[in-house]
$ cat model03.tsv   # TSV, C-alpha atoms
chain	number	residue	atom	x	y	z
A	1	MET	CA	122.15	110.33	93.80
A	2	GLY	CA	118.69	111.66	94.46
A	3	ALA	CA	115.28	110.03	94.45
A	4	MET	CA	111.70	111.29	94.63
A	5	TYR	CA	108.81	109.26	96.01
A	6	THR	CA	105.08	109.83	96.43
A	7	MET	CA	102.95	108.31	99.17
A	8	TYR	CA	99.16	108.58	99.44
A	9	ILE	CA	97.55	108.81	102.86
A	10	GLN	CA	93.81	108.65	103.49
A	11	THR	CA	92.89	110.83	106.47
A	12	GLU	CA	89.82	110.32	108.63
A	13	GLY	CA	87.92	113.07	110.42
A	14	HIS	CA	88.08	116.83	109.93
A	15	ILE	CA	91.19	117.26	112.07
A	16	GLN	CA	93.61	114.36	112.53
A	17	MET	CA	97.21	113.77	113.59
A	18	LEU	CA	98.73	110.82	111.70
A	19	ASP	CA	102.16	109.31	112.41
A	20	ILE	CA	103.80	108.68	109.01
A	21	THR	CA	107.33	107.88	110.29
A	22	LYS	CA	107.22	104.17	109.39
A	23	GLU	CA	106.08	104.89	105.83
A	24	VAL	CA	108.83	107.51	105.38
A	25	GLN	CA	111.49	105.18	106.84
A	26	ARG	CA	110.30	102.33	104.60
A	27	LEU	CA	110.99	104.45	101.48
A	28	VAL	CA	114.37	105.60	102.81
A	29	THR	CA	115.26	101.92	103.34
A	30	GLU	CA	113.92	100.96	99.89
A	31	SER	CA	116.07	103.66	98.24
A	32	GLY	CA	119.26	102.11	99.63
A	33	MET	CA	120.54	105.57	100.65
A	34	ALA	CA	123.01	105.34	103.54
A	35	SER	CA	123.71	109.00	104.27
A	36	GLY	CA	122.13	112.29	103.24
A	37	ILE	CA	118.90	114.18	103.85
A	38	CYS	CA	115.21	113.36	103.50
A	39	VAL	CA	112.90	116.27	102.60
A	40	VAL	CA	109.24	115.50	103.38
A	41	PHE	CA	107.02	117.86	101.39
A	42	LEU	CA	103.23	118.18	101.44
A	43	PRO	CA	101.72	119.69	98.25
A	44	HIS	CA	98.57	120.81	100.10
A	45	THR	CA	97.33	124.03	101.71
A	46	THR	CA	95.06	122.69	104.48
A	47	ALA	CA	97.38	120.06	106.00
A	48	GLY	CA	100.80	120.45	107.61
A	49	LEU	CA	103.81	118.49	108.85
A	50	LEU	CA	104.93	118.33	112.45
A	51	ILE	CA	107.76	116.49	114.18
A	52	THR	CA	106.83	115.86	117.82
A	53	GLU	CA	106.45	113.45	120.75
A	54	ASN	CA	105.15	109.96	119.96
A	55	ARG	CA	104.74	108.16	123.28
A	56	ASP	CA	102.13	110.13	125.19
A	57	PRO	CA	98.65	109.43	123.70
A	58	TYR	CA	97.34	112.75	125.00
A	59	VAL	CA	99.71	114.77	122.82
A	60	ALA	CA	97.46	114.23	119.77
A	61	VAL	CA	94.41	115.42	121.72
A	62	ASP	CA	96.30	118.41	123.06
A	63	PHE	CA	97.79	119.41	119.69
A	64	THR	CA	94.39	119.19	118.03
A	65	ASN	CA	92.75	121.38	120.67
A	66	ALA	CA	95.63	123.84	120.93
A	67	VAL	CA	95.92	124.43	117.18
A	68	ARG	CA	92.12	124.78	116.91
A	69	LYS	CA	92.17	127.38	119.71
A	70	LEU	CA	95.16	129.31	118.29
A	71	CYS	CA	93.76	129.44	114.78
A	72	GLY	CA	90.22	130.56	115.59
A	73	GLU	CA	86.95	129.67	113.91
A	74	GLU	CA	85.76	129.92	110.35
A	75	LYS	CA	83.34	132.73	111.15
A	76	ASP	CA	86.30	134.96	112.17
A	77	TYR	CA	87.59	135.06	108.57
A	78	HIS	CA	86.60	136.04	105.05
A	79	ASN	CA	88.05	133.39	102.76
A	80	LEU	CA	85.69	132.00	100.19
A	81	GLU	CA	85.83	128.33	101.05
A	82	GLY	CA	85.21	128.87	104.76
A	83	ASN	CA	88.29	126.88	105.76
A	84	PHE	CA	90.77	129.57	106.69
A	85	PRO	CA	91.63	128.07	110.11
A	86	ALA	CA	92.93	125.05	108.16
A	87	HIS	CA	95.14	127.30	105.96
A	88	LEU	CA	96.45	129.13	109.03
A	89	SER	CA	97.19	125.89	110.91
A	90	ALA	CA	99.04	124.43	107.92
A	91	GLY	CA	100.91	127.72	107.44
A	92	LEU	CA	102.08	127.89	111.06
A	93	LEU	CA	103.36	124.30	111.09
A	94	GLY	CA	104.67	124.37	107.51
A	95	VAL	CA	104.57	121.84	104.69
A	96	SER	CA	108.28	120.97	104.46
A	97	GLN	CA	110.53	119.11	106.93
A	98	THR	CA	114.18	118.22	106.36
A	99	ILE	CA	115.62	115.30	108.34
A	100	PRO	CA	119.21	114.00	108.20
A	101	VAL	CA	119.69	110.33	107.30
A	102	GLU	CA	122.61	108.32	108.70
A	103	ASP	CA	123.34	104.60	108.32
A	104	GLY	CA	120.13	104.32	106.32
A	105	LYS	CA	117.95	105.65	109.18
A	106	LEU	CA	116.13	108.95	109.72
A	107	ALA	CA	118.16	110.69	112.45
A	108	LEU	CA	115.09	111.36	114.61
A	109	GLY	CA	115.28	111.48	118.39
A	110	THR	CA	113.96	108.56	120.45
A	111	TRP	CA	110.62	110.27	121.14
A	112	GLN	CA	110.18	111.99	117.77
A	113	SER	CA	107.76	111.01	115.01
A	114	ILE	CA	106.79	112.78	111.79
A	115	TYR	CA	103.09	113.63	111.70
A	116	LEU	CA	100.78	114.53	108.85
A	117	MET	CA	98.41	117.08	110.41
A	118	GLU	CA	95.05	117.03	108.64
A	119	PHE	CA	93.06	120.23	109.21
A	120	ASP	CA	90.33	119.94	106.54
A	121	GLY	CA	89.60	116.24	106.08
A	122	SER	CA	88.82	113.63	105.48
A	123	ARG	CA	90.83	113.58	102.22
A	124	LYS	CA	93.32	111.52	100.28
A	125	ARG	CA	96.63	113.35	100.84
A	126	LYS	CA	99.80	113.14	98.81
A	127	VAL	CA	103.20	113.22	100.57
A	128	ARG	CA	106.35	113.78	98.49
A	129	LEU	CA	109.75	112.52	99.67
A	130	LYS	CA	112.94	113.86	98.20
A	131	LEU	CA	116.13	112.02	99.13
A	132	MET	CA	119.51	113.67	98.54
A	133	GLU	CA	122.52	111.42	99.04
A	134	ASP	CA	125.93	112.71	100.16
B	1	MET	CA	126.24	120.96	91.12
B	2	GLY	CA	124.97	123.76	93.32
B	3	ALA	CA	124.11	127.37	92.62
B	4	MET	CA	123.28	130.38	94.76
B	5	TYR	CA	121.12	133.29	93.59
B	6	THR	CA	119.97	136.55	95.12
B	7	MET	CA	116.70	138.31	94.28
B	8	TYR	CA	115.65	141.76	95.51
B	9	ILE	CA	112.00	142.42	96.25
B	10	GLN	CA	110.56	145.85	97.06
B	11	THR	CA	107.67	145.50	99.51
B	12	GLU	CA	104.86	148.03	99.87
B	13	GLY	CA	102.94	148.73	103.06
B	14	HIS	CA	103.79	147.79	106.65
B	15	ILE	CA	102.41	144.24	106.33
B	16	GLN	CA	102.23	142.58	102.93
B	17	MET	CA	101.91	139.08	101.45
B	18	LEU	CA	103.82	138.80	98.16
B	19	ASP	CA	103.73	135.78	95.85
B	20	ILE	CA	107.35	135.16	94.70
B	21	THR	CA	106.78	131.74	93.06
B	22	LYS	CA	107.31	132.95	89.49
B	23	GLU	CA	110.59	134.66	90.37
B	24	VAL	CA	111.85	131.54	92.17
B	25	GLN	CA	110.80	129.26	89.28
B	26	ARG	CA	112.46	131.60	86.78
B	27	LEU	CA	115.84	131.16	88.54
B	28	VAL	CA	115.37	127.37	88.83
B	29	THR	CA	114.73	127.31	85.06
B	30	GLU	CA	117.71	129.59	84.39
B	31	SER	CA	120.01	127.29	86.39
B	32	GLY	CA	119.22	124.35	84.12
B	33	MET	CA	118.79	122.06	87.15
B	34	ALA	CA	116.49	119.13	86.38
B	35	SER	CA	116.26	117.39	89.74
B	36	GLY	CA	117.22	118.34	93.31
B	37	ILE	CA	116.09	120.78	95.98
B	38	CYS	CA	115.57	124.53	96.14
B	39	VAL	CA	116.20	126.21	99.50
B	40	VAL	CA	114.58	129.66	99.73
B	41	PHE	CA	116.25	131.65	102.52
B	42	LEU	CA	115.42	135.11	103.81
B	43	PRO	CA	118.34	136.90	105.55
B	44	HIS	CA	115.94	139.16	107.50
B	45	THR	CA	114.39	139.18	110.98
B	46	THR	CA	111.10	141.01	110.35
B	47	ALA	CA	109.88	139.13	107.27
B	48	GLY	CA	109.09	135.44	106.81
B	49	LEU	CA	108.36	132.81	104.18
B	50	LEU	CA	105.07	130.96	103.85
B	51	ILE	CA	103.84	128.34	101.39
B	52	THR	CA	100.05	128.54	101.13
B	53	GLU	CA	96.90	128.81	99.01
B	54	ASN	CA	97.09	131.06	95.93
B	55	ARG	CA	93.61	131.13	94.41
B	56	ASP	CA	91.36	132.67	97.02
B	57	PRO	CA	92.01	136.46	97.21
B	58	TYR	CA	90.76	136.59	100.80
B	59	VAL	CA	93.56	134.36	102.06
B	60	ALA	CA	96.00	137.31	102.03
B	61	VAL	CA	93.56	139.46	104.03
B	62	ASP	CA	92.91	136.64	106.47
B	63	PHE	CA	96.60	135.77	106.95
B	64	THR	CA	97.47	139.39	107.56
B	65	ASN	CA	94.75	139.80	110.18
B	66	ALA	CA	95.33	136.43	111.82
B	67	VAL	CA	99.09	136.88	112.20
B	68	ARG	CA	98.57	140.42	113.50
B	69	LYS	CA	96.09	139.11	116.09
B	70	LEU	CA	98.28	136.14	117.15
B	71	CYS	CA	101.40	138.25	117.53
B	72	GLY	CA	99.95	141.11	119.54
B	73	GLU	CA	100.80	144.79	119.49
B	74	GLU	CA	104.03	146.68	119.92
B	75	LYS	CA	102.96	148.09	123.28
B	76	ASP	CA	102.83	144.51	124.70
B	77	TYR	CA	106.59	144.11	124.35
B	78	HIS	CA	109.90	145.62	125.47
B	79	ASN	CA	112.20	145.42	122.46
B	80	LEU	CA	114.06	148.57	121.64
B	81	GLU	CA	112.97	149.14	118.08
B	82	GLY	CA	109.25	148.74	118.86
B	83	ASN	CA	108.78	146.10	116.19
B	84	PHE	CA	108.64	142.86	118.17
B	85	PRO	CA	105.35	141.64	116.61
B	86	ALA	CA	107.28	141.61	113.30
B	87	HIS	CA	110.08	139.49	114.84
B	88	LEU	CA	107.55	137.09	116.36
B	89	SER	CA	105.57	136.76	113.10
B	90	ALA	CA	108.75	136.06	111.13
B	91	GLY	CA	109.91	133.61	113.80
B	92	LEU	CA	106.66	131.63	113.79
B	93	LEU	CA	106.59	131.29	109.98
B	94	GLY	CA	110.35	130.86	109.60
B	95	VAL	CA	112.86	132.21	107.10
B	96	SER	CA	113.80	128.98	105.29
B	97	GLN	CA	111.72	126.75	102.99
B	98	THR	CA	112.97	123.66	101.18
B	99	ILE	CA	111.12	122.57	98.04
B	100	PRO	CA	111.89	119.53	95.86
B	101	VAL	CA	112.57	120.17	92.16
B	102	GLU	CA	111.65	117.59	89.50
B	103	ASP	CA	111.84	117.89	85.73
B	104	GLY	CA	113.08	121.45	86.21
B	105	LYS	CA	109.95	122.52	88.16
B	106	LEU	CA	109.32	123.32	91.83
B	107	ALA	CA	107.24	120.35	93.07
B	108	LEU	CA	104.55	122.59	94.57
B	109	GLY	CA	100.91	121.52	94.73
B	110	THR	CA	98.36	122.99	92.32
B	111	TRP	CA	97.14	125.57	94.86
B	112	GLN	CA	100.47	126.34	96.54
B	113	SER	CA	102.55	129.48	96.13
B	114	ILE	CA	105.63	130.71	97.98
B	115	TYR	CA	105.01	134.02	99.78
B	116	LEU	CA	107.36	136.62	101.13
B	117	MET	CA	105.56	137.87	104.24
B	118	GLU	CA	106.56	141.46	105.02
B	119	PHE	CA	105.84	142.43	108.63
B	120	ASP	CA	107.83	145.66	108.96
B	121	GLY	CA	107.82	147.36	105.56
B	122	SER	CA	107.99	148.89	103.23
B	123	ARG	CA	111.59	147.75	102.57
B	124	LYS	CA	113.84	146.35	99.88
B	125	ARG	CA	114.16	142.67	100.81
B	126	LYS	CA	116.80	140.18	99.74
B	127	VAL	CA	115.82	136.56	99.00
B	128	ARG	CA	118.56	133.92	98.67
B	129	LEU	CA	118.03	130.76	96.61
B	130	LYS	CA	120.28	127.77	97.04
B	131	LEU	CA	119.89	124.99	94.47
B	132	MET	CA	121.34	121.54	95.17
B	133	GLU	CA	121.29	119.14	92.23
B	134	ASP	CA	121.04	115.37	92.64
C	1	MET	CA	130.62	115.15	100.28
C	2	GLY	CA	128.46	115.16	103.35
C	3	ALA	CA	129.26	115.25	107.05
C	4	MET	CA	127.27	114.80	110.24
C	5	TYR	CA	128.20	116.38	113.55
C	6	THR	CA	126.76	116.32	117.06
C	7	MET	CA	127.02	119.16	119.57
C	8	TYR	CA	125.91	119.03	123.21
C	9	ILE	CA	124.45	122.13	124.81
C	10	GLN	CA	123.65	122.46	128.50
C	11	THR	CA	120.62	124.70	128.99
C	12	GLU	CA	119.88	126.65	132.17
C	13	GLY	CA	116.43	127.55	133.44
C	14	HIS	CA	113.04	126.17	132.41
C	15	ILE	CA	112.75	128.41	129.34
C	16	GLN	CA	115.88	129.77	127.67
C	17	MET	CA	116.93	131.25	124.34
C	18	LEU	CA	120.52	130.27	123.48
C	19	ASP	CA	122.49	131.63	120.52
C	20	ILE	CA	124.32	128.65	118.95
C	21	THR	CA	125.50	130.39	115.75
C	22	LYS	CA	129.20	130.42	116.67
C	23	GLU	CA	129.21	126.70	117.51
C	24	VAL	CA	127.45	125.87	114.21
C	25	GLN	CA	129.83	128.08	112.20
C	26	ARG	CA	132.82	126.51	113.95
C	27	LEU	CA	131.79	123.04	112.71
C	28	VAL	CA	131.08	124.34	109.19
C	29	THR	CA	134.61	125.83	109.19
C	30	GLU	CA	136.10	122.61	110.61
C	31	SER	CA	134.46	120.55	107.84
C	32	GLY	CA	136.24	122.55	105.15
C	33	MET	CA	132.99	122.80	103.14
C	34	ALA	CA	133.00	125.86	100.86
C	35	SER	CA	129.51	125.73	99.36
C	36	GLY	CA	126.33	123.79	100.14
C	37	ILE	CA	123.70	123.64	102.86
C	38	CYS	CA	123.77	123.17	106.62
C	39	VAL	CA	120.77	121.39	108.18
C	40	VAL	CA	120.51	122.01	111.93
C	41	PHE	CA	118.33	119.31	113.50
C	42	LEU	CA	117.20	118.96	117.11
C	43	PRO	CA	116.28	115.38	118.13
C	44	HIS	CA	114.06	116.62	120.98
C	45	THR	CA	110.34	117.28	121.50
C	46	THR	CA	110.41	120.08	124.11
C	47	ALA	CA	113.00	122.39	122.50
C	48	GLY	CA	112.95	124.15	119.13
C	49	LEU	CA	115.12	126.09	116.70
C	50	LEU	CA	114.58	129.72	115.76
C	51	ILE	CA	116.46	132.08	113.46
C	52	THR	CA	115.92	135.67	114.62
C	53	GLU	CA	117.35	139.06	115.63
C	54	ASN	CA	120.57	139.03	117.67
C	55	ARG	CA	121.32	142.65	118.59
C	56	ASP	CA	118.42	143.77	120.73
C	57	PRO	CA	118.72	142.19	124.22
C	58	TYR	CA	114.98	142.53	124.78
C	59	VAL	CA	114.14	140.14	121.95
C	60	ALA	CA	114.95	137.12	124.17
C	61	VAL	CA	112.67	138.45	126.92
C	62	ASP	CA	109.90	139.19	124.44
C	63	PHE	CA	110.15	135.81	122.67
C	64	THR	CA	110.06	133.96	125.96
C	65	ASN	CA	106.97	135.84	127.14
C	66	ALA	CA	105.20	135.73	123.78
C	67	VAL	CA	105.68	131.99	123.27
C	68	ARG	CA	104.61	131.31	126.86
C	69	LYS	CA	101.45	133.38	126.31
C	70	LEU	CA	100.63	131.80	122.91
C	71	CYS	CA	101.11	128.26	124.15
C	72	GLY	CA	99.10	128.47	127.35
C	73	GLU	CA	99.66	126.78	130.68
C	74	GLU	CA	100.09	123.16	131.67
C	75	LYS	CA	96.71	123.04	133.40
C	76	ASP	CA	94.99	123.74	130.04
C	77	TYR	CA	96.09	120.37	128.66
C	78	HIS	CA	95.85	116.63	129.30
C	79	ASN	CA	99.26	115.20	128.42
C	80	LEU	CA	100.71	112.84	130.97
C	81	GLU	CA	104.00	114.57	131.68
C	82	GLY	CA	102.40	117.98	132.28
C	83	ASN	CA	104.69	119.69	129.78
C	84	PHE	CA	102.44	120.17	126.76
C	85	PRO	CA	103.15	123.92	126.38
C	86	ALA	CA	106.79	122.87	125.75
C	87	HIS	CA	105.70	120.40	123.03
C	88	LEU	CA	103.47	123.02	121.42
C	89	SER	CA	106.19	125.70	121.49
C	90	ALA	CA	108.74	123.33	119.95
C	91	GLY	CA	106.17	122.23	117.35
C	92	LEU	CA	105.32	125.78	116.29
C	93	LEU	CA	108.97	126.79	115.87
C	94	GLY	CA	110.11	123.43	114.48
C	95	VAL	CA	113.21	121.31	115.06
C	96	SER	CA	114.88	121.64	111.65
C	97	GLN	CA	116.47	124.68	109.96
C	98	THR	CA	118.23	124.67	106.59
C	99	ILE	CA	120.79	127.41	105.91
C	100	PRO	CA	122.82	127.91	102.72
C	101	VAL	CA	126.62	127.98	103.06
C	102	GLU	CA	128.77	130.08	100.73
C	103	ASP	CA	132.53	130.68	100.86
C	104	GLY	CA	132.63	128.54	103.99
C	105	LYS	CA	130.17	130.79	105.89
C	106	LEU	CA	126.52	130.35	106.92
C	107	ALA	CA	124.61	132.73	104.62
C	108	LEU	CA	122.77	134.39	107.52
C	109	GLY	CA	121.72	138.03	107.43
C	110	THR	CA	123.65	140.63	109.43
C	111	TRP	CA	121.15	140.58	112.31
C	112	GLN	CA	120.30	136.86	112.26
C	113	SER	CA	121.43	134.23	114.75
C	114	ILE	CA	120.37	130.60	115.20
C	115	TYR	CA	118.80	129.97	118.59
C	116	LEU	CA	118.20	126.80	120.54
C	117	MET	CA	114.89	127.47	122.31
C	118	GLU	CA	114.67	125.48	125.54
C	119	PHE	CA	111.08	125.08	126.75
C	120	ASP	CA	111.47	122.34	129.38
C	121	GLY	CA	114.92	122.73	130.92
C	122	SER	CA	117.37	122.72	132.28
C	123	ARG	CA	118.68	119.77	130.24
C	124	LYS	CA	121.65	118.61	128.23
C	125	ARG	CA	120.49	119.00	124.62
C	126	LYS	CA	121.88	117.36	121.51
C	127	VAL	CA	122.09	119.33	118.25
C	128	ARG	CA	122.76	117.48	114.99
C	129	LEU	CA	124.37	119.22	112.00
C	130	LYS	CA	124.17	117.73	108.56
C	131	LEU	CA	126.35	119.37	105.90
C	132	MET	CA	125.69	118.70	102.21
C	133	GLU	CA	128.34	120.00	99.82
C	134	ASP	CA	127.56	121.06	96.25

$ encode --input "model03.tsv" --output "C-alpha cells"
Amino acid sequence: MGAMYTMYIQTEGHIQMLDITKEVQRLVTESGMASGICVVFLPHTTAGLLITENRDPYVAVDFTNAVRKLCGEEKDYHNLEGNFPAHLSAGLLGVSQTIPVEDGKLALGTWQSIYLMEFDGSRKRKVRLKLMED
Amino acid sequence: MGAMYTMYIQTEGHIQMLDITKEVQRLVTESGMASGICVVFLPHTTAGLLITENRDPYVAVDFTNAVRKLCGEEKDYHNLEGNFPAHLSAGLLGVSQTIPVEDGKLALGTWQSIYLMEFDGSRKRKVRLKLMED
Amino acid sequence: MGAMYTMYIQTEGHIQMLDITKEVQRLVTESGMASGICVVFLPHTTAGLLITENRDPYVAVDFTNAVRKLCGEEKDYHNLEGNFPAHLSAGLLGVSQTIPVEDGKLALGTWQSIYLMEFDGSRKRKVRLKLMED
C-alpha cells in the first residue's frame, strides 16, 4: 500500500522555521499505516526541510542566523529574482526527508522535529507526504 | 515491484550543473510505474545531487560560485588527491534524493529540476535509479 | 517485506567520523533482502550521516576541520546547551540516507562509505535501519 497526501502551510516572515511534525504524524495516523517509510517532499525552490532539535527555543534563532550568514546576501549573486540566498539555503538543507514509521509512529528521536524552513516568505507552501507500507 | 536502472552522464568542465530531470523521467515512464518513489543515487564521492530552480539561467552560475566559496580551495586541505573541496561539496549536497511518483510522473514542483553537480570533472558519471512501486 | 533494526555505536572524542558501512551491510545480509532500499536514520540532533570517500585517510581530518570552520564556534550562538555548531553540522549533513540494495548488497560506489559524524561526543549513538523490499 502507498498513499500520497498534500498539506498547505502558510508561513509568516521572510525567514521562518516551522515545526510540522504534528501535521505529518496526523496524516501517518490517518492513513492507518503501521510500518514503512514516510517521505516528506517540498515542491519548492526557496524553502527546505530540516530535522533538528525541538526543545531549545534558541535553536530557531541560531539556525536562522547561521544559514543567513553561510548563504550570503542577495547583492553577492546574479540571479534574476534577487533571492539566490533562499535557493542556496534550500539546496543545502534539501527538499526531501525520509523517516521510518513503526507501530504507526514516525521513528524520530526524542528531541527531533521536522521543520519547514522558509527562506523567501511569507508564502503559502505545499508539503507532499508519500507513505510506503512494508 | 521494484526496478533498478543505470544512466551514464558525460560531464564537461571541472565544475558543472547538469539538469538530468528528463532522463530520470524517461526511465520512470519506461518502467510503467504509476505510483511509488524514485531514489536517485550517485555512486561517486566528488559529485552530488541537488533539486533546485530551473528557470533562471543565473542560478547555475550562482550555485557554482557559492559552493566554490563555501568549500574553500585545495590548498586549505590535506587530502592526498588535492580534490577535497569536491568531496566537501558533494558531502554537503548529498548523493541520494528521494522523489515521490504519482500518475507516472515525478512529483516535482513547477520550478524544480534534479541536477547532477559535477565538482571534479570532466568525467563519465554513473547515476543509479531505484524505483519502488506502491 | 520490511524490517527495522537498531545498532548502537559508541563514539570517541568530541568530533569523530566513523565508518559504519560494514555494520549496515551485515544487517542487510542478515535480513535476507535481495532487492530494495535501505534507509539509515539517526534519531539524534548533534550527529549526522555522510556518504563519502573511504580510501584517503586525510578525508576524515579535512571533513572535521571543514565542518568545524563552516559551522562556527559556540560563542557565536545563543542556544542554551552551548552546542549549536553540533546542531548546525548535523542539520547540514542530515540524519537520513537512502541507499538502493541489489543482489543483497548496498549499491554504493567503489570509494563510498557511510559515516556516522559525531559532533558532540563522546556518546552512545543509536542508528536505525529500515529495509524496504521490492

$ closest_residue --input "model03.tsv" --among "A:Val39, A:Met33, A:Leu106, A:Ile99" --to "chain B" --atoms "all atoms listed in the file"
A:Val39

$ atom_distance --input "model03.tsv" --atom1 "CA of Glu23 in chain A" --atom2 "CA of Met7 in chain A"
8.1 Å

$ interface_residues --input "model03.tsv" --of "chain B" --to "chain C" --cutoff "10 Å" --atoms "only C-alpha atoms" --output "NGL selection string"
:B and (1-4 or 39-46 or 70-72 or 76-81 or 83-85 or 87-88 or 90-98 or 126 or 128-134)

$ closest_residue --input "model03.tsv" --among "A:Val28, A:Cys38, A:Phe119, A:Val127" --to "Gly13 in chain A" --atoms "only C-alpha atoms"
A:Phe119

$ residues_around --input "model03.tsv" --residues "Leu18 in chain C" --least-positions-apart "2" --cutoff "7 Å" --atoms "all atoms listed in the file" --output "CSV table (one decimal) with C-alpha atoms, in the frame of the given file"
chain,number,residue,atom,x,y,z
C,16,GLN,CA,115.9,129.8,127.7
C,20,ILE,CA,124.3,128.6,119.0
C,115,TYR,CA,118.8,130.0,118.6
C,116,LEU,CA,118.2,126.8,120.5
C,117,MET,CA,114.9,127.5,122.3

$ atom_distance --input "model03.tsv" --atom1 "CA of Thr29 in chain A" --atom2 "CA of Gly48 in chain C"
27.4 Å

$ atom_distance --input "model03.tsv" --atom1 "CA of Glu30 in chain C" --atom2 "CA of Arg125 in chain C"
21.3 Å

$ axis_aligned_box --input "model03.tsv" --around "range 70-83 of chain B" --padding-each-side "8 Å" --output "JSON"
{"center_x": 106.2, "center_y": 142.6, "center_z": 120.8, "size_x": 31.8, "size_y": 29.0, "size_z": 25.3}

$ closest_residue --input "model03.tsv" --among "B:Thr21, B:Thr64, B:Ser31, B:Gln10" --to "Gly121 in chain B" --atoms "only C-alpha atoms"
B:Gln10

$ residues_around --input "model03.tsv" --residues "Asp120 in chain C" --least-positions-apart "3" --cutoff "8 Å" --atoms "all atoms listed in the file" --output "list in words"
His14, Ile15, Thr46, Ala47, Asn83, Ala86 and Arg123 of chain C

$ decode --input "model03.tsv" --residues "range 69-80 of chain B" --atoms "N, CA, C and O atoms" --output "mmCIF file, in the first residue's frame"
data_model
loop_
_atom_site.group_PDB
_atom_site.id
_atom_site.type_symbol
_atom_site.label_atom_id
_atom_site.label_comp_id
_atom_site.auth_asym_id
_atom_site.auth_seq_id
_atom_site.Cartn_x
_atom_site.Cartn_y
_atom_site.Cartn_z
ATOM 1 N N LYS B 69 32.922 28.947 -3.048
ATOM 2 C CA LYS B 69 33.301 29.859 -1.960
ATOM 3 C C LYS B 69 33.141 29.176 -0.593
ATOM 4 O O LYS B 69 34.028 29.256 0.260
ATOM 5 N N LEU B 70 32.005 28.488 -0.413
ATOM 6 C CA LEU B 70 31.745 27.801 0.871
ATOM 7 C C LEU B 70 32.795 26.732 1.150
ATOM 8 O O LEU B 70 33.175 26.520 2.299
ATOM 9 N N CYS B 71 33.211 26.025 0.097
ATOM 10 C CA CYS B 71 34.018 24.817 0.301
ATOM 11 C C CYS B 71 35.513 25.052 0.214
ATOM 12 O O CYS B 71 36.306 24.110 0.349
ATOM 13 N N GLY B 72 35.921 26.292 0.008
ATOM 14 C CA GLY B 72 37.336 26.634 0.079
ATOM 15 C C GLY B 72 38.143 26.144 -1.098
ATOM 16 O O GLY B 72 37.600 25.710 -2.121
ATOM 17 N N GLU B 73 39.471 26.224 -0.939
ATOM 18 C CA GLU B 73 40.372 25.862 -2.020
ATOM 19 C C GLU B 73 41.228 24.665 -1.632
ATOM 20 O O GLU B 73 41.416 24.382 -0.459
ATOM 21 N N GLU B 74 41.763 24.021 -2.653
ATOM 22 C CA GLU B 74 42.510 22.787 -2.406
ATOM 23 C C GLU B 74 43.681 22.985 -1.452
ATOM 24 O O GLU B 74 43.980 22.119 -0.635
ATOM 25 N N LYS B 75 44.314 24.138 -1.530
ATOM 26 C CA LYS B 75 45.466 24.394 -0.661
ATOM 27 C C LYS B 75 45.098 24.451 0.837
ATOM 28 O O LYS B 75 45.961 24.358 1.705
ATOM 29 N N ASP B 76 43.795 24.632 1.147
ATOM 30 C CA ASP B 76 43.371 24.677 2.560
ATOM 31 C C ASP B 76 43.358 23.293 3.218
ATOM 32 O O ASP B 76 43.160 23.196 4.423
ATOM 33 N N TYR B 77 43.489 22.242 2.416
ATOM 34 C CA TYR B 77 43.257 20.895 2.949
ATOM 35 C C TYR B 77 44.468 19.985 2.772
ATOM 36 O O TYR B 77 45.435 20.341 2.110
ATOM 37 N N HIS B 78 44.355 18.773 3.333
ATOM 38 C CA HIS B 78 45.487 17.839 3.338
ATOM 39 C C HIS B 78 45.296 16.630 2.438
ATOM 40 O O HIS B 78 46.216 15.858 2.258
ATOM 41 N N ASN B 79 44.089 16.406 1.914
ATOM 42 C CA ASN B 79 43.847 15.090 1.305
ATOM 43 C C ASN B 79 44.766 14.848 0.126
ATOM 44 O O ASN B 79 45.251 15.769 -0.530
ATOM 45 N N LEU B 80 45.039 13.588 -0.106
ATOM 46 C CA LEU B 80 46.131 13.187 -0.982
ATOM 47 C C LEU B 80 45.914 13.530 -2.444
ATOM 48 O O LEU B 80 46.850 13.834 -3.166
#
